[in-house]
Amino acid sequence: ANAIVGSLYLSLGATVLSFLLGLPIAFALQKEYTGRRLSNITRLALDILWGTPSIVYGAFGFVVMVYFGLRASLLGGIIALTLLMLPIMTRSIEEVIRMIPLELKETSYSLGTTRIETTLKVVFRQALPGITTGILLAFGRGIGDAASILFTAGYTDYIPRSLFDPVASLPLAVFFQVATPIPEVQQRAYASALILLVIVLFVSIFSRLL
């Protein structure tokens with residue numbers, strides 16, 4: 001239970017942060033707001049971050065936490081997962097927004113709307129199913145990652161009561177428990193792996209349906 005709840009805390013927190021940061025970036029990359037040169041550079045940077053191994057995010061988060069004197073905690077894990085999920089969510093949402101027909105925007109502009117009104121009332125509503133899919137894909141990636149939270153979230157047998165408490169997660173439960181020589185503990189590791197697989201499978205199927 002502590003690992004299930006901890007994984008949900010970590011992934012949901014990181015998903016919210018990634019969405020709040022990624023959605024404005026995705027809209028800003030459209031040609032109405034950003035020049036082609038800057039948008040191409042930004043897309044390249046996001047693609048590089050997308051392909052960066054998650055252990056790099058964990059090590060970076062650990063260095064930052066040590067610099068500021070912070071210990072492993074739920075907040076540290078959320079921040080590390082946000083760094084991992086942000087390029088995935090941003091690029092997914094941005095690709096969906098780019099698929100919106102140009103004629104739809106031009107029709108909105110011809111009625112006298114501003115760029116902000118067209119973005120929020122027309123483009124966002126049309127892209128909402130695809131945006132939801134991007135959010136779910138990033139969530140599925142985040143809940144199954146172990147390397148980025150290995151140094152930043154810690155591990156505990158208890159459910160955290162604040163953002164500054166260490167937190168368990170299903171990937172780390174598998175990592176720590178499967179290596180023990182006690183059969184009962186190994187069985188819990190296999191159970192954690194099964195639960196994690198079911199969650200990711202459900203999220204993937206739901207995103208496909210959307």
# chains A, B, ... in the order shown; residues from 1 in each chain; ligands from 1
call {"tool": "residues_around", "arguments": {"residues": "Ser204 of chain A", "least_positions_apart": "2", "cutoff": "8 Å", "atoms": "only C-alpha atoms", "output": "PyMOL selection string"}}
result
chain A and resi 136-137+140+200-202+206-208
call {"tool": "residues_around", "arguments": {"residues": "Pro160 of chain A", "least_positions_apart": "3", "cutoff": "10 Å", "atoms": "only C-alpha atoms", "output": "PyMOL selection string"}}
result
chain A and resi 2+5-6+9+73-74+156-157+163-168
call {"tool": "write_last_selection", "arguments": {"atoms": "N, CA and C atoms", "output": "compact mmCIF listing (two decimals), in the first residue's frame"}}
result
# COMPACT_ATOMS: atom_id res chain seq x y z
N ASN A 2 1.95 1.25 0.77
CA ASN A 2 2.80 2.44 0.82
C ASN A 2 3.43 2.73 -0.54
N VAL A 5 0.47 4.00 -3.04
CA VAL A 5 0.10 5.39 -2.73
C VAL A 5 1.26 6.33 -3.06
N GLY A 6 2.47 5.92 -2.73
CA GLY A 6 3.63 6.75 -3.02
C GLY A 6 3.82 6.98 -4.52
N TYR A 9 1.21 9.47 -5.60
CA TYR A 9 1.59 10.81 -5.15
C TYR A 9 2.65 11.41 -6.09
N SER A 73 12.95 13.18 -0.51
CA SER A 73 11.59 13.45 -0.06
C SER A 73 10.62 13.33 -1.22
N LEU A 74 9.34 13.40 -0.88
CA LEU A 74 8.29 13.38 -1.91
C LEU A 74 8.47 14.57 -2.87
N THR A 156 10.56 4.37 2.11
CA THR A 156 10.05 4.22 3.47
C THR A 156 8.94 3.18 3.49
N ASP A 157 8.68 2.63 4.65
CA ASP A 157 7.57 1.68 4.80
C ASP A 157 6.26 2.39 5.14
N LEU A 163 5.21 16.90 2.04
CA LEU A 163 6.08 16.91 0.87
C LEU A 163 7.54 16.66 1.22
N PHE A 164 7.89 16.79 2.49
CA PHE A 164 9.29 16.66 2.89
C PHE A 164 9.59 15.31 3.53
N ASP A 165 8.64 14.39 3.50
CA ASP A 165 8.86 13.04 3.98
C ASP A 165 9.35 12.16 2.83
N PRO A 166 10.20 11.17 3.12
CA PRO A 166 10.56 10.21 2.06
C PRO A 166 9.34 9.42 1.63
N VAL A 167 9.40 8.85 0.44
CA VAL A 167 8.24 8.17 -0.12
C VAL A 167 8.67 6.90 -0.84
N ALA A 168 7.86 5.87 -0.71
CA ALA A 168 8.10 4.63 -1.44
C ALA A 168 7.44 4.70 -2.81
call {"tool": "residues_around", "arguments": {"residues": "Pro24 of chain A", "least_positions_apart": "4", "cutoff": "12 Å", "atoms": "only C-alpha atoms", "output": "list in words"}}
result
Leu17, Ser18, Phe19, Leu20, Ala28, Leu29, Gln30, Tyr33, Leu86, Met89, Thr90, Arg91, Ile93, Glu94, Ile97, Ile116, Thr119, Leu120 and Phe124 of chain A
call {"tool": "select_by_dssp", "arguments": {"residues": "chain A", "states": "helix (DSSP H, G or I)", "output": "PyMOL selection string"}}
result
chain A and resi 2-28+36-51+54-67+74-98+102-110+115-143+147-150+170-177+183-209
call {"tool": "residues_around", "arguments": {"residues": "segment 184-192 of chain A", "least_positions_apart": "4", "cutoff": "9 Å", "atoms": "only C-alpha atoms", "output": "JSON list (two decimals) with all heavy atoms, in the first residue's frame"}}
result
[["chain", "number", "residue", "atom", "x", "y", "z"],
["A", 3, "ALA", "N", 3.77, 1.68, -1.28],
["A", 3, "ALA", "CA", 4.39, 1.88, -2.59],
["A", 3, "ALA", "C", 3.36, 2.32, -3.63],
["A", 3, "ALA", "O", 3.66, 3.16, -4.49],
["A", 3, "ALA", "CB", 5.08, 0.60, -3.05],
["A", 4, "ILE", "N", 2.15, 1.77, -3.55],
["A", 4, "ILE", "CA", 1.10, 2.16, -4.49],
["A", 4, "ILE", "C", 0.74, 3.63, -4.29],
["A", 4, "ILE", "O", 0.70, 4.42, -5.24],
["A", 4, "ILE", "CB", -0.14, 1.27, -4.31],
["A", 4, "ILE", "CG1", 0.18, -0.18, -4.69],
["A", 4, "ILE", "CG2", -1.30, 1.78, -5.17],
["A", 4, "ILE", "CD1", -0.93, -1.15, -4.36],
["A", 170, "LEU", "N", 6.42, 1.92, -6.42],
["A", 170, "LEU", "CA", 6.39, 0.55, -6.93],
["A", 170, "LEU", "C", 7.68, 0.15, -7.65],
["A", 170, "LEU", "O", 8.18, -0.96, -7.41],
["A", 170, "LEU", "CB", 5.18, 0.38, -7.86],
["A", 170, "LEU", "CG", 3.82, 0.34, -7.17],
["A", 170, "LEU", "CD1", 2.69, 0.46, -8.18],
["A", 170, "LEU", "CD2", 3.67, -0.94, -6.35],
["A", 171, "PRO", "N", 8.25, 0.99, -8.52],
["A", 171, "PRO", "CA", 9.51, 0.58, -9.16],
["A", 171, "PRO", "C", 10.63, 0.33, -8.16],
["A", 171, "PRO", "O", 11.39, -0.64, -8.30],
["A", 171, "PRO", "CB", 9.84, 1.77, -10.08],
["A", 171, "PRO", "CG", 8.54, 2.42, -10.34],
["A", 171, "PRO", "CD", 7.76, 2.27, -9.07],
["A", 173, "ALA", "N", 10.19, -0.47, -5.03],
["A", 173, "ALA", "CA", 9.82, -1.67, -4.26],
["A", 173, "ALA", "C", 10.32, -2.91, -4.97],
["A", 173, "ALA", "O", 10.86, -3.84, -4.34],
["A", 173, "ALA", "CB", 8.31, -1.71, -4.06],
["A", 174, "VAL", "N", 10.14, -2.95, -6.28],
["A", 174, "VAL", "CA", 10.66, -4.08, -7.05],
["A", 174, "VAL", "C", 12.18, -4.13, -6.96],
["A", 174, "VAL", "O", 12.78, -5.19, -6.74],
["A", 174, "VAL", "CB", 10.21, -3.96, -8.52],
["A", 174, "VAL", "CG1", 10.82, -5.09, -9.36],
["A", 174, "VAL", "CG2", 8.70, -3.98, -8.62],
["A", 175, "PHE", "N", 12.81, -2.97, -7.11],
["A", 175, "PHE", "CA", 14.28, -2.90, -7.13],
["A", 175, "PHE", "C", 14.89, -3.38, -5.82],
["A", 175, "PHE", "O", 15.85, -4.16, -5.82],
["A", 175, "PHE", "CB", 14.69, -1.45, -7.41],
["A", 175, "PHE", "CG", 16.17, -1.22, -7.41],
["A", 175, "PHE", "CD1", 16.96, -1.62, -8.47],
["A", 175, "PHE", "CD2", 16.80, -0.60, -6.33],
["A", 175, "PHE", "CE1", 18.33, -1.42, -8.47],
["A", 175, "PHE", "CE2", 18.16, -0.39, -6.32],
["A", 175, "PHE", "CZ", 18.93, -0.80, -7.39],
["A", 176, "PHE", "N", 14.32, -2.95, -4.70],
["A", 176, "PHE", "CA", 14.90, -3.29, -3.41],
["A", 176, "PHE", "C", 14.52, -4.70, -2.94],
["A", 176, "PHE", "O", 15.34, -5.41, -2.34],
["A", 176, "PHE", "CB", 14.47, -2.28, -2.35],
["A", 176, "PHE", "CG", 15.10, -0.92, -2.51],
["A", 176, "PHE", "CD1", 14.33, 0.23, -2.54],
["A", 176, "PHE", "CD2", 16.47, -0.78, -2.65],
["A", 176, "PHE", "CE1", 14.90, 1.48, -2.70],
["A", 176, "PHE", "CE2", 17.06, 0.46, -2.81],
["A", 176, "PHE", "CZ", 16.27, 1.59, -2.83],
["A", 177, "GLN", "N", 13.29, -5.12, -3.22],
["A", 177, "GLN", "CA", 12.80, -6.37, -2.64],
["A", 177, "GLN", "C", 13.19, -7.61, -3.43],
["A", 177, "GLN", "O", 13.35, -8.68, -2.86],
["A", 177, "GLN", "CB", 11.27, -6.31, -2.50],
["A", 177, "GLN", "CG", 10.80, -5.28, -1.48],
["A", 177, "GLN", "CD", 9.29, -5.15, -1.44],
["A", 177, "GLN", "OE1", 8.58, -5.69, -2.25],
["A", 177, "GLN", "NE2", 8.79, -4.39, -0.46],
["A", 178, "VAL", "N", 13.35, -7.47, -4.73],
["A", 178, "VAL", "CA", 13.65, -8.66, -5.52],
["A", 178, "VAL", "C", 15.08, -9.14, -5.28],
["A", 178, "VAL", "O", 15.40, -10.30, -5.56],
["A", 178, "VAL", "CB", 13.43, -8.36, -7.03],
["A", 178, "VAL", "CG1", 14.59, -7.56, -7.62],
["A", 178, "VAL", "CG2", 13.18, -9.65, -7.80],
["A", 179, "ALA", "N", 15.94, -8.27, -4.76],
["A", 179, "ALA", "CA", 17.34, -8.65, -4.53],
["A", 179, "ALA", "C", 17.55, -9.33, -3.18],
["A", 179, "ALA", "O", 18.66, -9.77, -2.89],
["A", 179, "ALA", "CB", 18.23, -7.42, -4.63],
["A", 180, "THR", "N", 16.52, -9.43, -2.35],
["A", 180, "THR", "CA", 16.69, -10.04, -1.04],
["A", 180, "THR", "C", 16.59, -11.56, -1.15],
["A", 180, "THR", "O", 15.92, -12.09, -2.05],
["A", 180, "THR", "CB", 15.60, -9.54, -0.07],
["A", 180, "THR", "OG1", 14.32, -9.93, -0.56],
["A", 180, "THR", "CG2", 15.66, -8.03, 0.06],
["A", 196, "LEU", "N", 2.22, -2.63, -10.97],
["A", 196, "LEU", "CA", 2.75, -1.56, -11.81],
["A", 196, "LEU", "C", 2.42, -1.81, -13.28],
["A", 196, "LEU", "O", 2.03, -0.89, -14.01],
["A", 196, "LEU", "CB", 4.26, -1.45, -11.61],
["A", 196, "LEU", "CG", 5.00, -0.35, -12.37],
["A", 196, "LEU", "CD1", 4.47, 1.02, -11.97],
["A", 196, "LEU", "CD2", 6.50, -0.43, -12.12],
["A", 197, "LEU", "N", 2.57, -3.05, -13.70],
["A", 197, "LEU", "CA", 2.27, -3.41, -15.09],
["A", 197, "LEU", "C", 0.80, -3.17, -15.42],
["A", 197, "LEU", "O", 0.46, -2.64, -16.49],
["A", 197, "LEU", "CB", 2.63, -4.87, -15.34],
["A", 197, "LEU", "CG", 2.38, -5.41, -16.76],
["A", 197, "LEU", "CD1", 3.22, -4.67, -17.77],
["A", 197, "LEU", "CD2", 2.65, -6.91, -16.82]]
call {"tool": "residues_around", "arguments": {"residues": "segment 43-57 of chain A", "least_positions_apart": "3", "cutoff": "10 Å", "atoms": "only C-alpha atoms", "output": "mmCIF file with all heavy atoms, in the first residue's frame"}}
result
data_model
loop_
_atom_site.group_PDB
_atom_site.id
_atom_site.type_symbol
_atom_site.label_atom_id
_atom_site.label_comp_id
_atom_site.auth_asym_id
_atom_site.auth_seq_id
_atom_site.Cartn_x
_atom_site.Cartn_y
_atom_site.Cartn_z
ATOM 1 N N ALA A 26 4.000 24.455 -25.191
ATOM 2 C CA ALA A 26 3.486 23.880 -26.438
ATOM 3 C C ALA A 26 2.749 24.921 -27.264
ATOM 4 O O ALA A 26 2.901 24.989 -28.491
ATOM 5 C CB ALA A 26 2.571 22.695 -26.116
ATOM 6 N N LEU A 29 5.137 27.499 -28.909
ATOM 7 C CA LEU A 29 5.916 27.018 -30.041
ATOM 8 C C LEU A 29 5.187 27.169 -31.370
ATOM 9 O O LEU A 29 5.780 26.937 -32.426
ATOM 10 C CB LEU A 29 6.298 25.547 -29.832
ATOM 11 C CG LEU A 29 7.343 25.268 -28.760
ATOM 12 C CD1 LEU A 29 7.563 23.782 -28.597
ATOM 13 C CD2 LEU A 29 8.655 25.954 -29.104
ATOM 14 N N LEU A 38 13.619 29.978 -33.383
ATOM 15 C CA LEU A 38 13.542 29.710 -31.946
ATOM 16 C C LEU A 38 12.714 28.453 -31.656
ATOM 17 O O LEU A 38 13.078 27.650 -30.795
ATOM 18 C CB LEU A 38 12.942 30.909 -31.223
ATOM 19 C CG LEU A 38 12.762 30.776 -29.707
ATOM 20 C CD1 LEU A 38 14.098 30.504 -29.034
ATOM 21 C CD2 LEU A 38 12.113 32.030 -29.130
ATOM 22 N N SER A 39 11.624 28.268 -32.383
ATOM 23 C CA SER A 39 10.789 27.095 -32.148
ATOM 24 C C SER A 39 11.520 25.812 -32.523
ATOM 25 O O SER A 39 11.408 24.792 -31.827
ATOM 26 C CB SER A 39 9.480 27.214 -32.925
ATOM 27 O OG SER A 39 9.718 27.281 -34.317
ATOM 28 N N ASN A 40 12.310 25.828 -33.596
ATOM 29 C CA ASN A 40 13.068 24.641 -33.991
ATOM 30 C C ASN A 40 14.137 24.300 -32.955
ATOM 31 O O ASN A 40 14.366 23.132 -32.642
ATOM 32 C CB ASN A 40 13.707 24.848 -35.358
ATOM 33 C CG ASN A 40 12.695 24.816 -36.486
ATOM 34 O OD1 ASN A 40 11.613 24.236 -36.338
ATOM 35 N ND2 ASN A 40 13.018 25.421 -37.617
ATOM 36 N N PHE A 60 21.074 14.664 -11.440
ATOM 37 C CA PHE A 60 20.981 16.124 -11.426
ATOM 38 C C PHE A 60 20.146 16.601 -10.236
ATOM 39 O O PHE A 60 20.538 17.534 -9.528
ATOM 40 C CB PHE A 60 20.360 16.613 -12.739
ATOM 41 C CG PHE A 60 20.086 18.089 -12.768
ATOM 42 C CD1 PHE A 60 21.115 18.999 -12.946
ATOM 43 C CD2 PHE A 60 18.798 18.569 -12.616
ATOM 44 C CE1 PHE A 60 20.864 20.359 -12.970
ATOM 45 C CE2 PHE A 60 18.532 19.935 -12.639
ATOM 46 C CZ PHE A 60 19.573 20.831 -12.816
ATOM 47 N N GLY A 61 19.001 15.943 -10.028
ATOM 48 C CA GLY A 61 18.168 16.310 -8.886
ATOM 49 C C GLY A 61 18.883 16.101 -7.564
ATOM 50 O O GLY A 61 18.756 16.921 -6.639
ATOM 51 N N PHE A 62 19.669 15.033 -7.473
ATOM 52 C CA PHE A 62 20.409 14.756 -6.243
ATOM 53 C C PHE A 62 21.453 15.833 -5.967
ATOM 54 O O PHE A 62 21.616 16.296 -4.833
ATOM 55 C CB PHE A 62 21.072 13.389 -6.352
ATOM 56 C CG PHE A 62 21.905 13.018 -5.161
ATOM 57 C CD1 PHE A 62 21.306 12.662 -3.961
ATOM 58 C CD2 PHE A 62 23.288 13.026 -5.229
ATOM 59 C CE1 PHE A 62 22.072 12.325 -2.856
ATOM 60 C CE2 PHE A 62 24.062 12.693 -4.133
ATOM 61 C CZ PHE A 62 23.447 12.338 -2.948
ATOM 62 N N VAL A 63 22.166 16.250 -7.015
ATOM 63 C CA VAL A 63 23.185 17.302 -6.863
ATOM 64 C C VAL A 63 22.540 18.602 -6.400
ATOM 65 O O VAL A 63 23.052 19.292 -5.512
ATOM 66 C CB VAL A 63 23.947 17.504 -8.191
ATOM 67 C CG1 VAL A 63 24.821 18.751 -8.118
ATOM 68 C CG2 VAL A 63 24.794 16.292 -8.503
ATOM 69 N N ILE A 79 9.887 16.692 -8.291
ATOM 70 C CA ILE A 79 10.662 17.591 -9.147
ATOM 71 C C ILE A 79 11.464 16.796 -10.174
ATOM 72 O O ILE A 79 11.509 17.142 -11.364
ATOM 73 C CB ILE A 79 11.583 18.477 -8.298
ATOM 74 C CG1 ILE A 79 10.741 19.450 -7.453
ATOM 75 C CG2 ILE A 79 12.560 19.255 -9.176
ATOM 76 C CD1 ILE A 79 11.537 20.274 -6.475
ATOM 77 N N ALA A 80 12.108 15.705 -9.733
ATOM 78 C CA ALA A 80 12.881 14.885 -10.658
ATOM 79 C C ALA A 80 11.988 14.262 -11.729
ATOM 80 O O ALA A 80 12.347 14.222 -12.914
ATOM 81 C CB ALA A 80 13.635 13.800 -9.884
ATOM 82 N N LEU A 81 10.819 13.770 -11.324
ATOM 83 C CA LEU A 81 9.887 13.196 -12.298
ATOM 84 C C LEU A 81 9.339 14.256 -13.244
ATOM 85 O O LEU A 81 9.095 13.972 -14.424
ATOM 86 C CB LEU A 81 8.731 12.495 -11.579
ATOM 87 C CG LEU A 81 8.914 11.019 -11.224
ATOM 88 C CD1 LEU A 81 7.635 10.462 -10.611
ATOM 89 C CD2 LEU A 81 9.321 10.193 -12.433
ATOM 90 N N THR A 82 9.149 15.465 -12.740
ATOM 91 C CA THR A 82 8.677 16.555 -13.605
ATOM 92 C C THR A 82 9.685 16.837 -14.707
ATOM 93 O O THR A 82 9.311 17.035 -15.879
ATOM 94 C CB THR A 82 8.436 17.831 -12.780
ATOM 95 O OG1 THR A 82 7.430 17.575 -11.793
ATOM 96 C CG2 THR A 82 7.980 18.977 -13.673
ATOM 97 N N LEU A 83 10.974 16.856 -14.365
ATOM 98 C CA LEU A 83 12.013 17.061 -15.374
ATOM 99 C C LEU A 83 11.979 15.963 -16.424
ATOM 100 O O LEU A 83 12.207 16.215 -17.616
ATOM 101 C CB LEU A 83 13.391 17.109 -14.708
ATOM 102 C CG LEU A 83 13.650 18.268 -13.744
ATOM 103 C CD1 LEU A 83 15.005 18.102 -13.080
ATOM 104 C CD2 LEU A 83 13.572 19.596 -14.480
ATOM 105 N N LEU A 84 11.678 14.735 -15.986
ATOM 106 C CA LEU A 84 11.607 13.609 -16.912
ATOM 107 C C LEU A 84 10.376 13.687 -17.812
ATOM 108 O O LEU A 84 10.449 13.415 -19.022
ATOM 109 C CB LEU A 84 11.581 12.298 -16.115
ATOM 110 C CG LEU A 84 11.365 11.010 -16.913
ATOM 111 C CD1 LEU A 84 12.598 10.680 -17.739
ATOM 112 C CD2 LEU A 84 11.027 9.855 -15.979
ATOM 113 N N MET A 85 9.230 14.071 -17.246
ATOM 114 C CA MET A 85 7.965 14.044 -17.964
ATOM 115 C C MET A 85 7.718 15.290 -18.802
ATOM 116 O O MET A 85 6.941 15.245 -19.771
ATOM 117 C CB MET A 85 6.814 13.870 -16.967
ATOM 118 C CG MET A 85 6.836 12.531 -16.255
ATOM 119 S SD MET A 85 5.769 12.490 -14.773
ATOM 120 C CE MET A 85 4.178 12.822 -15.511
ATOM 121 N N LEU A 86 8.346 16.401 -18.462
ATOM 122 C CA LEU A 86 8.068 17.666 -19.146
ATOM 123 C C LEU A 86 8.314 17.608 -20.656
ATOM 124 O O LEU A 86 7.436 18.018 -21.432
ATOM 125 C CB LEU A 86 8.887 18.796 -18.514
ATOM 126 C CG LEU A 86 8.685 20.191 -19.110
ATOM 127 C CD1 LEU A 86 7.241 20.632 -18.963
ATOM 128 C CD2 LEU A 86 9.624 21.200 -18.432
ATOM 129 N N PRO A 87 9.475 17.120 -21.130
ATOM 130 C CA PRO A 87 9.654 17.076 -22.592
ATOM 131 C C PRO A 87 8.692 16.122 -23.280
ATOM 132 O O PRO A 87 8.251 16.390 -24.401
ATOM 133 C CB PRO A 87 11.116 16.625 -22.757
ATOM 134 C CG PRO A 87 11.483 15.982 -21.463
ATOM 135 C CD PRO A 87 10.686 16.696 -20.408
ATOM 136 N N ILE A 88 8.340 15.014 -22.624
ATOM 137 C CA ILE A 88 7.401 14.063 -23.222
ATOM 138 C C ILE A 88 6.038 14.713 -23.405
ATOM 139 O O ILE A 88 5.439 14.663 -24.487
ATOM 140 C CB ILE A 88 7.282 12.805 -22.336
ATOM 141 C CG1 ILE A 88 8.644 12.131 -22.179
ATOM 142 C CG2 ILE A 88 6.260 11.832 -22.907
ATOM 143 C CD1 ILE A 88 8.645 10.982 -21.189
ATOM 144 N N MET A 89 5.549 15.343 -22.343
ATOM 145 C CA MET A 89 4.227 15.949 -22.400
ATOM 146 C C MET A 89 4.211 17.143 -23.357
ATOM 147 O O MET A 89 3.265 17.303 -24.152
ATOM 148 C CB MET A 89 3.791 16.383 -20.995
ATOM 149 C CG MET A 89 2.347 16.852 -20.932
ATOM 150 S SD MET A 89 1.818 17.314 -19.263
ATOM 151 C CE MET A 89 1.996 15.762 -18.394
ATOM 152 N N THR A 90 5.242 17.970 -23.302
ATOM 153 C CA THR A 90 5.269 19.169 -24.137
ATOM 154 C C THR A 90 5.276 18.814 -25.617
ATOM 155 O O THR A 90 4.510 19.366 -26.411
ATOM 156 C CB THR A 90 6.490 20.034 -23.804
ATOM 157 O OG1 THR A 90 6.482 20.351 -22.413
ATOM 158 C CG2 THR A 90 6.486 21.317 -24.609
ATOM 159 N N ARG A 91 6.135 17.876 -26.013
ATOM 160 C CA ARG A 91 6.224 17.507 -27.425
ATOM 161 C C ARG A 91 4.958 16.804 -27.888
ATOM 162 O O ARG A 91 4.505 16.997 -29.029
ATOM 163 C CB ARG A 91 7.444 16.625 -27.667
ATOM 164 C CG ARG A 91 8.761 17.354 -27.606
ATOM 165 C CD ARG A 91 8.920 18.352 -28.731
ATOM 166 N NE ARG A 91 9.321 17.677 -29.967
ATOM 167 C CZ ARG A 91 8.771 17.894 -31.148
ATOM 168 N NH1 ARG A 91 7.758 18.739 -31.266
ATOM 169 N NH2 ARG A 91 9.197 17.273 -32.219
ATOM 170 N N GLU A 94 2.339 19.513 -28.237
ATOM 171 C CA GLU A 94 2.680 20.403 -29.339
ATOM 172 C C GLU A 94 2.370 19.771 -30.692
ATOM 173 O O GLU A 94 1.895 20.436 -31.621
ATOM 174 C CB GLU A 94 4.163 20.769 -29.234
ATOM 175 C CG GLU A 94 4.564 21.957 -30.086
ATOM 176 C CD GLU A 94 5.322 21.539 -31.331
ATOM 177 O OE1 GLU A 94 5.856 20.421 -31.345
ATOM 178 O OE2 GLU A 94 5.367 22.333 -32.281
ATOM 179 N N GLY A 142 6.062 8.246 -16.162
ATOM 180 C CA GLY A 142 6.556 8.663 -14.860
ATOM 181 C C GLY A 142 6.339 7.636 -13.775
ATOM 182 O O GLY A 142 7.215 7.405 -12.937
ATOM 183 N N ASP A 145 8.997 4.765 -13.717
ATOM 184 C CA ASP A 145 10.430 5.071 -13.719
ATOM 185 C C ASP A 145 11.012 4.943 -12.317
ATOM 186 O O ASP A 145 10.411 5.388 -11.338
ATOM 187 C CB ASP A 145 10.673 6.484 -14.243
ATOM 188 C CG ASP A 145 12.147 6.738 -14.465
ATOM 189 O OD1 ASP A 145 12.681 6.212 -15.455
ATOM 190 O OD2 ASP A 145 12.768 7.448 -13.652
ATOM 191 N N ALA A 146 12.179 4.343 -12.240
ATOM 192 C CA ALA A 146 12.845 4.151 -10.951
ATOM 193 C C ALA A 146 14.114 4.988 -10.819
ATOM 194 O O ALA A 146 14.422 5.492 -9.738
ATOM 195 C CB ALA A 146 13.189 2.672 -10.749
ATOM 196 N N ALA A 147 14.845 5.140 -11.925
ATOM 197 C CA ALA A 147 16.171 5.762 -11.839
ATOM 198 C C ALA A 147 16.096 7.217 -11.405
ATOM 199 O O ALA A 147 16.932 7.681 -10.617
ATOM 200 C CB ALA A 147 16.884 5.643 -13.189
ATOM 201 N N SER A 148 15.100 7.962 -11.898
ATOM 202 C CA SER A 148 15.046 9.390 -11.590
ATOM 203 C C SER A 148 14.696 9.665 -10.132
ATOM 204 O O SER A 148 15.018 10.730 -9.606
ATOM 205 C CB SER A 148 14.024 10.088 -12.496
ATOM 206 O OG SER A 148 12.734 9.546 -12.294
ATOM 207 N N ILE A 149 14.035 8.718 -9.455
ATOM 208 C CA ILE A 149 13.647 8.937 -8.057
ATOM 209 C C ILE A 149 14.492 8.126 -7.086
ATOM 210 O O ILE A 149 14.264 8.177 -5.884
ATOM 211 C CB ILE A 149 12.155 8.607 -7.845
ATOM 212 C CG1 ILE A 149 11.865 7.160 -8.232
ATOM 213 C CG2 ILE A 149 11.279 9.562 -8.626
ATOM 214 C CD1 ILE A 149 10.448 6.726 -7.936
ATOM 215 N N LEU A 150 15.473 7.399 -7.620
ATOM 216 C CA LEU A 150 16.298 6.547 -6.762
ATOM 217 C C LEU A 150 17.054 7.368 -5.727
ATOM 218 O O LEU A 150 17.168 6.970 -4.558
ATOM 219 C CB LEU A 150 17.276 5.756 -7.626
ATOM 220 C CG LEU A 150 18.213 4.785 -6.904
ATOM 221 C CD1 LEU A 150 17.406 3.701 -6.177
ATOM 222 C CD2 LEU A 150 19.177 4.135 -7.903
ATOM 223 N N PHE A 151 17.562 8.541 -6.129
ATOM 224 C CA PHE A 151 18.340 9.391 -5.226
ATOM 225 C C PHE A 151 17.522 10.529 -4.627
ATOM 226 O O PHE A 151 17.976 11.190 -3.699
ATOM 227 C CB PHE A 151 19.545 9.994 -5.964
ATOM 228 C CG PHE A 151 20.400 8.987 -6.665
ATOM 229 C CD1 PHE A 151 20.543 9.024 -8.040
ATOM 230 C CD2 PHE A 151 21.042 8.002 -5.959
ATOM 231 C CE1 PHE A 151 21.323 8.097 -8.700
ATOM 232 C CE2 PHE A 151 21.829 7.063 -6.604
ATOM 233 C CZ PHE A 151 21.973 7.110 -7.988
ATOM 234 N N THR A 152 16.346 10.789 -5.179
ATOM 235 C CA THR A 152 15.624 11.995 -4.803
ATOM 236 C C THR A 152 14.410 11.748 -3.916
ATOM 237 O O THR A 152 14.046 12.613 -3.123
ATOM 238 C CB THR A 152 15.158 12.750 -6.064
ATOM 239 O OG1 THR A 152 14.381 11.850 -6.886
ATOM 240 C CG2 THR A 152 16.350 13.237 -6.871
#
call {"tool": "atom_distance", "arguments": {"atom1": "atom CA of Thr15 of chain A", "atom2": "atom CA of Ile41 of chain A"}}
result
24.3 Å
call {"tool": "atom_distance", "arguments": {"atom1": "atom CA of Ala1 of chain A", "atom2": "atom CA of Leu209 of chain A"}}
result
28.6 Å
call {"tool": "residues_around", "arguments": {"residues": "Pro129 of chain A", "least_positions_apart": "3", "cutoff": "7 Å", "atoms": "only C-alpha atoms", "output": "compact mmCIF listing (two decimals) with N, CA and C atoms, in the first residue's frame"}}
result
# COMPACT_ATOMS: atom_id res chain seq x y z
N THR A 132 -5.17 15.30 -23.59
CA THR A 132 -5.41 14.31 -22.54
C THR A 132 -4.57 13.06 -22.77
N THR A 133 -4.46 12.65 -24.03
CA THR A 133 -3.63 11.48 -24.36
C THR A 133 -2.17 11.73 -24.00
N LEU A 210 -8.86 7.26 -26.09
CA LEU A 210 -9.06 8.70 -26.27
C LEU A 210 -8.59 9.17 -27.64
call {"tool": "closest_residue", "arguments": {"among": "A:Leu111, A:Val198, A:Leu128, A:Leu75", "to": "Ser162 of chain A", "atoms": "only C-alpha atoms"}}
result
A:Leu75
call {"tool": "atom_distance", "arguments": {"atom1": "atom CA of Ser7 of chain A", "atom2": "atom CA of Ile135 of chain A"}}
result
16.2 Å
call {"tool": "closest_residue", "arguments": {"among": "A:Val203, A:Leu10, A:Ile143, A:Glu32", "to": "Arg115 of chain A", "atoms": "only C-alpha atoms"}}
result
A:Glu32
call {"tool": "residues_around", "arguments": {"residues": "Ser92 of chain A", "least_positions_apart": "4", "cutoff": "8 Å", "atoms": "only C-alpha atoms", "output": "short mmCIF file (atom, residue, chain, number, x, y, z; two decimals) with all heavy atoms, in the first residue's frame"}}
result
data_model
loop_
_atom_site.label_atom_id
_atom_site.label_comp_id
_atom_site.auth_asym_id
_atom_site.auth_seq_id
_atom_site.Cartn_x
_atom_site.Cartn_y
_atom_site.Cartn_z
N ILE A 88 8.34 15.01 -22.62
CA ILE A 88 7.40 14.06 -23.22
C ILE A 88 6.04 14.71 -23.40
O ILE A 88 5.44 14.66 -24.49
CB ILE A 88 7.28 12.80 -22.34
CG1 ILE A 88 8.64 12.13 -22.18
CG2 ILE A 88 6.26 11.83 -22.91
CD1 ILE A 88 8.65 10.98 -21.19
N VAL A 96 0.03 17.57 -31.26
CA VAL A 96 -1.44 17.57 -31.41
C VAL A 96 -1.93 18.95 -31.85
O VAL A 96 -2.79 19.07 -32.74
CB VAL A 96 -2.10 17.15 -30.07
CG1 VAL A 96 -3.61 17.37 -30.14
CG2 VAL A 96 -1.79 15.70 -29.76
N ILE A 131 -4.51 16.31 -26.09
CA ILE A 131 -3.79 16.80 -24.92
C ILE A 131 -3.95 15.81 -23.77
O ILE A 131 -2.98 15.50 -23.06
CB ILE A 131 -4.31 18.20 -24.53
CG1 ILE A 131 -3.90 19.23 -25.58
CG2 ILE A 131 -3.78 18.61 -23.16
CD1 ILE A 131 -4.49 20.61 -25.36
N GLY A 134 -1.67 12.93 -24.32
CA GLY A 134 -0.29 13.27 -23.98
C GLY A 134 -0.05 13.26 -22.48
O GLY A 134 1.01 12.80 -22.01
#
